[in-house]
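Enquirer: Provided herewith: final-v9.cif, mmCIF, C-alpha atoms.
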```cif
data_my_file
#
loop_
_atom_site.label_atom_id
_atom_site.label_comp_id
_atom_site.auth_asym_id
_atom_site.auth_seq_id
_atom_site.Cartn_x
_atom_site.Cartn_y
_atom_site.Cartn_z
CA MET J 26 21.22 5.84 87.53
CA SER J 27 19.02 2.81 87.98
CA LYS J 28 19.37 -0.37 85.94
CA LEU J 29 16.31 0.67 83.94
CA GLU J 30 17.91 3.97 83.03
CA THR J 31 21.10 2.29 81.91
CA SER J 32 19.29 0.24 79.26
CA LEU J 33 20.34 1.45 75.83
CA GLN J 34 16.72 1.92 74.81
CA ALA J 35 16.26 4.50 77.56
CA ALA J 36 19.71 6.07 77.29
CA MET J 37 19.46 6.53 73.51
CA ASN J 38 15.84 7.75 73.49
CA ALA J 39 14.96 4.77 71.28
CA ARG J 40 11.40 4.47 70.01
CA ILE J 41 9.63 2.44 67.35
CA ILE J 42 6.94 4.09 65.23
CA GLY J 43 4.82 2.75 62.41
CA SER J 44 3.48 -0.50 61.06
CA GLY J 45 4.63 -3.26 58.76
CA SER J 46 6.34 -6.59 58.98
CA GLU J 47 9.83 -5.18 58.43
CA THR J 48 11.90 -2.86 60.58
CA MET J 49 13.81 0.19 59.39
CA VAL J 50 16.54 1.76 61.55
CA LEU J 51 17.26 5.48 61.11
CA ALA J 52 20.66 6.64 62.38
CA HIS J 53 21.53 10.35 62.39
CA GLY J 54 24.98 11.80 61.80
CA PHE J 55 27.49 14.15 63.42
CA GLY J 56 25.94 17.01 65.39
CA GLY J 57 22.39 15.78 64.90
CA ASP J 58 19.62 13.93 66.66
CA GLN J 59 16.63 11.85 65.61
CA SER J 60 14.52 14.96 64.89
CA LEU J 61 16.44 15.35 61.62
CA TRP J 62 14.28 12.49 60.25
CA ASP J 63 10.97 14.20 61.11
CA LYS J 64 10.08 15.18 57.53
CA ILE J 65 10.44 11.70 56.05
CA LEU J 66 9.25 9.69 59.06
CA PRO J 67 5.50 9.85 58.24
CA TYR J 68 6.13 8.28 54.82
CA LEU J 69 8.40 5.55 56.16
CA ALA J 70 6.13 4.71 59.09
CA LYS J 71 3.32 3.75 56.69
CA HIS J 72 5.41 0.80 55.48
CA TYR J 73 7.88 -0.04 58.25
CA GLN J 74 8.28 -0.25 61.96
CA VAL J 75 10.81 2.56 62.22
CA LEU J 76 13.40 2.60 64.98
CA LEU J 77 14.70 6.06 65.84
CA PHE J 78 17.36 6.86 68.42
CA ASP J 79 19.95 9.42 69.45
CA TRP J 80 23.65 8.63 69.59
CA LEU J 81 24.97 9.28 73.09
CA PHE J 82 26.93 12.37 71.96
CA SER J 83 23.68 14.06 70.95
CA GLY J 84 22.39 17.04 72.86
CA ALA J 85 19.00 15.31 72.98
CA VAL J 86 20.33 12.61 75.32
CA LYS J 87 19.23 13.06 78.93
CA TYR J 88 22.34 11.46 80.44
CA PRO J 89 25.39 13.05 78.75
CA ASN J 90 27.69 11.41 81.32
CA LEU J 91 27.13 8.14 79.44
CA TYR J 92 29.22 9.45 76.55
CA ASP J 93 32.91 8.91 77.19
CA PRO J 94 35.13 10.25 74.37
CA LEU J 95 37.86 7.81 75.41
CA ARG J 96 35.55 4.83 74.90
CA TYR J 97 34.11 6.23 71.68
CA SER J 98 37.48 6.63 70.03
CA SER J 99 36.48 4.87 66.81
CA PHE J 100 33.38 3.92 64.83
CA ASP J 101 33.60 0.42 66.31
CA ALA J 102 32.24 1.55 69.67
CA PHE J 103 29.23 3.13 67.96
CA ALA J 104 28.68 -0.04 65.93
CA ASP J 105 28.70 -2.03 69.17
CA ASP J 106 26.01 0.27 70.62
CA LEU J 107 23.90 -0.15 67.49
CA ILE J 108 24.18 -3.94 67.69
CA ALA J 109 23.40 -3.96 71.42
CA LEU J 110 20.37 -1.70 70.92
CA MET J 111 18.99 -3.91 68.14
CA ASP J 112 19.57 -7.01 70.30
CA GLU J 113 17.82 -5.34 73.22
CA LEU J 114 14.80 -4.68 70.97
CA HIS J 115 15.02 -8.16 69.36
CA LEU J 116 15.43 -6.77 65.83
CA THR J 117 16.86 -8.72 62.90
CA SER J 118 16.90 -8.43 59.09
CA SER J 119 16.33 -4.68 59.26
CA VAL J 120 16.77 -1.99 56.64
CA PHE J 121 19.42 0.35 58.02
CA VAL J 122 19.44 3.99 56.90
CA GLY J 123 22.58 5.77 58.07
CA HIS J 124 23.37 9.41 57.40
CA SER J 125 26.94 10.65 57.15
CA MET J 126 29.09 9.06 59.92
CA SER J 127 26.34 6.54 60.60
CA GLY J 128 26.80 5.11 57.14
CA MET J 129 30.20 3.70 58.08
CA ILE J 130 28.92 2.70 61.52
CA GLY J 131 26.23 0.63 59.80
CA CYS J 132 28.83 -0.95 57.52
CA ILE J 133 30.95 -2.00 60.50
CA ALA J 134 27.92 -3.35 62.37
CA SER J 135 26.89 -5.36 59.29
CA ILE J 136 30.32 -7.01 59.19
CA LYS J 137 30.11 -7.96 62.85
CA ARG J 138 26.47 -9.15 62.72
CA PRO J 139 25.26 -9.51 59.11
CA GLN J 140 22.01 -11.20 60.15
CA LEU J 141 20.80 -7.96 61.69
CA PHE J 142 20.60 -6.20 58.33
CA SER J 143 18.74 -6.92 55.10
CA ARG J 144 19.96 -3.76 53.36
CA LEU J 145 22.16 -0.76 54.10
CA ILE J 146 21.11 2.64 52.80
CA LEU J 147 24.01 5.06 53.14
CA ILE J 148 23.21 8.78 52.78
CA GLY J 149 26.19 11.09 52.32
CA ALA J 150 28.52 8.47 53.77
CA SER J 151 32.29 8.48 53.40
CA PRO J 152 35.05 6.06 54.43
CA ARG J 153 37.62 8.89 54.37
CA TYR J 154 37.21 12.67 54.04
CA ILE J 155 40.86 13.59 53.45
CA ASN J 156 42.33 13.56 49.95
CA THR J 157 45.37 11.43 49.16
CA ASP J 158 47.43 11.06 46.00
CA ASP J 159 45.14 8.34 44.66
CA TYR J 160 41.86 9.15 46.43
CA GLU J 161 39.51 12.13 46.35
CA GLY J 162 37.90 12.42 49.76
CA GLY J 163 36.79 16.00 49.27
CA LEU J 164 38.85 17.80 51.91
CA GLU J 165 42.52 18.59 52.48
CA GLY J 166 44.20 17.67 55.75
CA ALA J 167 44.91 21.35 56.42
CA THR J 168 41.19 22.09 56.14
CA ILE J 169 40.45 19.54 58.86
CA ASP J 170 43.21 20.95 61.05
CA ASN J 171 41.79 24.46 60.66
CA MET J 172 38.32 23.20 61.51
CA ILE J 173 39.53 21.58 64.74
CA THR J 174 41.33 24.81 65.66
CA SER J 175 38.15 26.80 64.97
CA ILE J 176 36.09 24.52 67.23
CA GLU J 177 38.61 24.90 70.04
CA SER J 178 38.97 28.67 69.73
CA GLY J 179 35.33 29.67 69.21
CA TYR J 180 32.65 27.00 69.25
CA GLU J 181 29.74 29.40 68.69
CA ASN J 182 31.26 30.96 65.57
CA TRP J 183 32.30 27.55 64.26
CA THR J 184 28.74 26.18 64.49
CA LEU J 185 27.47 29.00 62.27
CA SER J 186 30.07 28.37 59.57
CA PHE J 187 29.75 24.59 59.75
CA VAL J 188 25.97 24.65 59.36
CA LYS J 189 26.28 26.83 56.26
CA LEU J 190 28.68 24.26 54.81
CA LEU J 191 26.33 21.34 55.42
CA VAL J 192 22.81 22.72 54.93
CA ASP J 193 21.29 24.40 51.85
CA ASN J 194 21.44 28.09 52.72
CA ASN J 195 18.26 28.70 50.71
CA ASP J 196 16.30 26.74 53.35
CA PRO J 197 16.60 28.89 56.51
CA LEU J 198 14.27 26.70 58.58
CA SER J 199 16.47 23.67 57.95
CA VAL J 200 19.59 25.71 58.66
CA GLU J 201 18.09 26.72 62.01
CA HIS J 202 17.01 23.14 62.78
CA TYR J 203 20.49 21.71 62.33
CA LEU J 204 22.04 24.67 64.13
CA ARG J 205 19.87 23.96 67.18
CA CYS J 206 21.00 20.33 67.18
CA LEU J 207 24.64 21.28 66.86
CA LYS J 208 24.50 23.92 69.59
CA SER J 209 22.81 21.48 71.97
CA MET J 210 25.85 19.17 71.88
CA ASN J 211 28.31 19.32 74.74
CA PRO J 212 31.25 21.27 73.23
CA GLU J 213 33.66 18.95 75.04
CA PHE J 214 32.42 16.08 72.87
CA VAL J 215 32.75 17.88 69.56
CA VAL J 216 36.54 17.96 69.02
CA PRO J 217 37.21 14.26 69.77
CA LEU J 218 34.17 13.25 67.72
CA ALA J 219 35.16 15.50 64.82
CA LYS J 220 38.62 13.90 64.80
CA ILE J 221 37.06 10.43 64.56
CA VAL J 222 34.70 11.43 61.78
CA PHE J 223 36.99 13.57 59.64
CA CYS J 224 40.37 11.93 60.27
CA SER J 225 39.46 8.24 60.18
CA ASP J 226 40.20 5.94 57.26
CA GLU J 227 37.70 3.11 56.84
CA ARG J 228 38.42 2.33 53.19
CA GLU J 229 39.58 -1.19 53.98
CA THR J 230 36.30 -1.81 55.81
CA LEU J 231 34.29 -1.56 52.60
CA GLU J 232 35.53 -4.79 51.03
CA LYS J 233 34.27 -6.71 54.06
CA VAL J 234 30.67 -5.50 53.64
CA THR J 235 28.52 -8.21 52.06
CA THR J 236 25.06 -6.79 52.84
CA PRO J 237 23.31 -5.25 49.81
CA CYS J 238 23.81 -1.48 49.80
CA THR J 239 22.29 1.61 48.31
CA ILE J 240 24.44 4.74 48.39
CA ILE J 241 22.48 8.00 48.20
CA GLN J 242 24.41 11.06 47.09
CA THR J 243 23.24 14.65 46.59
CA THR J 244 24.17 16.58 43.47
CA ASN J 245 26.16 19.18 45.39
CA ASP J 246 27.59 17.88 48.65
CA LEU J 247 30.45 20.15 49.69
CA VAL J 248 32.02 17.60 52.08
CA VAL J 249 31.42 14.32 50.19
CA PRO J 250 32.01 14.51 46.42
CA GLU J 251 30.16 12.15 44.10
CA SER J 252 33.42 10.32 43.40
CA VAL J 253 33.30 8.95 46.97
CA ALA J 254 29.94 7.31 46.31
CA HIS J 255 31.29 5.55 43.21
CA TYR J 256 34.47 4.56 45.06
CA MET J 257 32.35 2.93 47.77
CA GLN J 258 30.23 1.18 45.15
CA LYS J 259 33.32 -0.39 43.62
CA LYS J 260 34.81 -1.50 46.94
CA ILE J 261 31.76 -2.88 48.77
CA LYS J 262 31.43 -6.65 48.24
CA GLY J 263 27.65 -6.77 48.50
CA GLU J 264 25.46 -5.74 45.56
CA THR J 265 25.63 -1.94 45.58
CA THR J 266 23.96 0.85 43.63
CA VAL J 267 24.36 4.63 43.67
CA GLU J 268 21.30 6.89 43.63
CA ILE J 269 21.53 10.63 43.06
CA VAL J 270 19.18 13.04 44.84
CA LYS J 271 18.86 16.48 43.27
CA ALA J 272 19.72 18.55 46.32
CA ASP J 273 22.24 21.05 47.59
CA ARG J 274 24.63 20.17 50.44
CA HIS J 275 24.73 17.28 52.91
CA LEU J 276 21.28 16.84 54.52
CA PRO J 277 18.64 15.89 51.93
CA GLN J 278 16.35 14.59 54.70
CA LEU J 279 15.96 18.23 55.71
CA THR J 280 16.19 20.19 52.48
CA ALA J 281 14.99 17.76 49.79
CA HIS J 282 12.87 15.30 51.73
CA LEU J 283 10.36 14.57 48.96
CA GLU J 284 13.16 13.79 46.50
CA LEU J 285 14.77 11.53 49.12
CA VAL J 286 11.45 9.78 49.81
CA HIS J 287 11.03 9.18 46.08
CA VAL J 288 14.46 7.52 45.86
CA LEU J 289 13.78 5.41 48.96
CA GLY J 290 10.46 4.28 47.51
CA ARG J 291 12.07 3.26 44.24
CA VAL J 292 14.90 1.41 45.98
CA LEU J 293 12.65 -0.38 48.47
CA GLY J 294 10.02 -1.25 45.91
CA PHE J 295 6.79 0.45 46.92
CA GLU J 296 4.91 3.72 46.53
CA MET J 297 5.99 6.22 49.17
CA PHE J 298 3.89 9.16 48.07
CA SER J 299 0.54 8.23 49.54
CA THR J 300 -0.54 10.88 52.04
CA PRO J 301 1.33 10.36 55.33
#
```
So, in terms of structure tokens, how does the structure I just supplied come out?
Expert:
Amino acid sequence: MSKLETSLQAAMNARIIGSGSETMVLAHGFGGDQSLWDKILPYLAKHYQVLLFDWLFSGAVKYPNLYDPLRYSSFDAFADDLIALMDELHLTSSVFVGHSMSGMIGCIASIKRPQLFSRLILIGASPRYINTDDYEGGLEGATIDNMITSIESGYENWTLSFVKLLVDNNDPLSVEHYLRCLKSMNPEFVVPLAKIVFCSDERETLEKVTTPCTIIQTTNDLVVPESVAHYMQKKIKGETTVEIVKADRHLPQLTAHLELVHVLGRVLGFEMFSTP
């Protein structure tokens, strides 16, 4: 690869769309790519310069050899990529919208470089998925172990069951959209990434976050219970609120995008429902 191709902007398919004096960064979660934001992007782009990108594990990335599971062994490495990408594009004081795993990545990046972020919006984020005696993460350790075994023994079958867990089954087009993203991932990346996402414990990270936060939670998320959102609200040092989106499962940007846009508009302080 040439030096141009090794720039993060090129490697991560980064692009900026829209107008406005402020920048918004949209960061997708596990198994996804930037296309998962397509439904809400037209509304956001009327008010912000919106940065979209693909994490290097994504099947949308043209150079999968850039993703090394040994290097990306924690959220810190992803946070470093986010910071480097924003530096490369000369972005500061941005609104960061992180879905799922990207919520914690944004938190870590904000601790390392708080001046990059004016607000964190965390959609379906969790610092820990596994239950303990004094913490409800939503999943048992044995459930995670069984999931890892299922990925290793039959990736195709696992993708079908995982998508049904995460996406409202009453929205078949959204189910198919996320399934395409998930199937496009290199299967060799999935197990190590799943272990990072579902086995990590970032609860102590929360008290170091001083950037103002909005936590967005759906009414029926099967992998992140509402108690996690309120736990995060209590632990994060910066001013933090919890907003509930009436939606089923884990991806409101796909299955309840108008409800999500309404919440974003209320939180960010302007009308989002003008025609995109």
Enquirer: Between CA of Met129 (chain J) and CA of Val222 (chain J), measure the distance and give it in Å to one decimal.
Expert: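 Going from CA of Met129 (chain J) over to CA of Val222 (chain J), I get 9.7 Å.
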Enquirer: Going by the chain IDs and residue numbers used in this file, which residues fall under the PyMOL selection byres ((chain J and resi 83) around 8)? Write them as a list of chain:residue names.
Expert: J:Gly56, J:Gly57, J:Asp58, J:Asp79, J:Trp80, J:Leu81, J:Phe82, J:Gly84, J:Ala85, J:Val86, J:Cys206, J:Ser209, J:Met210, J:Asn211
Enquirer: Considering all atoms listed in the file, can you say which of J:Cys132, J:Ala35, J:Val75, J:Leu190 comes closest to Lys262 (chain J)?
Expert: J:Cys132
Enquirer: For the file shown, what are the residues hit by the PyMOL selection byres ((chain J and resi 255) around 12), laid out as a list of chain:residue names?
Expert: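 Given this file, the PyMOL selection byres ((chain J and resi 255) around 12) evaluates to J:Gly149, J:Ala150, J:Ser151, J:Pro152, J:Tyr160, J:Glu161, J:Gly162, J:Thr239, J:Ile240, J:Ile241, J:Gln242, J:Val249, J:Pro250, J:Glu251, J:Ser252, J:Val253, J:Ala254, J:Tyr256, J:Met257, J:Gln258, J:Lys259, J:Lys260, J:Ile261, J:Thr265, J:Thr266, J:Val267, J:Glu268, J:Ile269.
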Enquirer: Suppose we keep C-alpha atoms; can you now write the selection as a tab-separated table (two decimals), in the frame of the given file?
Expert:
```tsv
chain	number	residue	atom	x	y	z
J	149	GLY	CA	26.19	11.09	52.32
J	150	ALA	CA	28.52	8.47	53.77
J	151	SER	CA	32.29	8.48	53.40
J	152	PRO	CA	35.05	6.06	54.43
J	160	TYR	CA	41.86	9.15	46.43
J	161	GLU	CA	39.51	12.13	46.35
J	162	GLY	CA	37.90	12.42	49.76
J	239	THR	CA	22.29	1.61	48.31
J	240	ILE	CA	24.44	4.74	48.39
J	241	ILE	CA	22.48	8.00	48.20
J	242	GLN	CA	24.41	11.06	47.09
J	249	VAL	CA	31.42	14.32	50.19
J	250	PRO	CA	32.01	14.51	46.42
J	251	GLU	CA	30.16	12.15	44.10
J	252	SER	CA	33.42	10.32	43.40
J	253	VAL	CA	33.30	8.95	46.97
J	254	ALA	CA	29.94	7.31	46.31
J	256	TYR	CA	34.47	4.56	45.06
J	257	MET	CA	32.35	2.93	47.77
J	258	GLN	CA	30.23	1.18	45.15
J	259	LYS	CA	33.32	-0.39	43.62
J	260	LYS	CA	34.81	-1.50	46.94
J	261	ILE	CA	31.76	-2.88	48.77
J	265	THR	CA	25.63	-1.94	45.58
J	266	THR	CA	23.96	0.85	43.63
J	267	VAL	CA	24.36	4.63	43.67
J	268	GLU	CA	21.30	6.89	43.63
J	269	ILE	CA	21.53	10.63	43.06
```
Enquirer: Could you expand the PyMOL selection byres ((chain J and resi 136-142) around 10) into the explicit residues it covers here, written as a ChimeraX atom specification?
Expert: /J:48-50,101,104-105,108,111-112,115-121,131-135,143-145,230-237
Enquirer: Can those selected residues be exported to a file as a CSV table (one decimal), in the coordinates of the input so that it contains C-alpha atoms?
Expert:
```csv
chain,number,residue,atom,x,y,z
J,48,THR,CA,11.9,-2.9,60.6
J,49,MET,CA,13.8,0.2,59.4
J,50,VAL,CA,16.5,1.8,61.6
J,101,ASP,CA,33.6,0.4,66.3
J,104,ALA,CA,28.7,0.0,65.9
J,105,ASP,CA,28.7,-2.0,69.2
J,108,ILE,CA,24.2,-3.9,67.7
J,111,MET,CA,19.0,-3.9,68.1
J,112,ASP,CA,19.6,-7.0,70.3
J,115,HIS,CA,15.0,-8.2,69.4
J,116,LEU,CA,15.4,-6.8,65.8
J,117,THR,CA,16.9,-8.7,62.9
J,118,SER,CA,16.9,-8.4,59.1
J,119,SER,CA,16.3,-4.7,59.3
J,120,VAL,CA,16.8,-2.0,56.6
J,121,PHE,CA,19.4,0.4,58.0
J,131,GLY,CA,26.2,0.6,59.8
J,132,CYS,CA,28.8,-1.0,57.5
J,133,ILE,CA,31.0,-2.0,60.5
J,134,ALA,CA,27.9,-3.4,62.4
J,135,SER,CA,26.9,-5.4,59.3
J,143,SER,CA,18.7,-6.9,55.1
J,144,ARG,CA,20.0,-3.8,53.4
J,145,LEU,CA,22.2,-0.8,54.1
J,230,THR,CA,36.3,-1.8,55.8
J,231,LEU,CA,34.3,-1.6,52.6
J,232,GLU,CA,35.5,-4.8,51.0
J,233,LYS,CA,34.3,-6.7,54.1
J,234,VAL,CA,30.7,-5.5,53.6
J,235,THR,CA,28.5,-8.2,52.1
J,236,THR,CA,25.1,-6.8,52.8
J,237,PRO,CA,23.3,-5.2,49.8
```
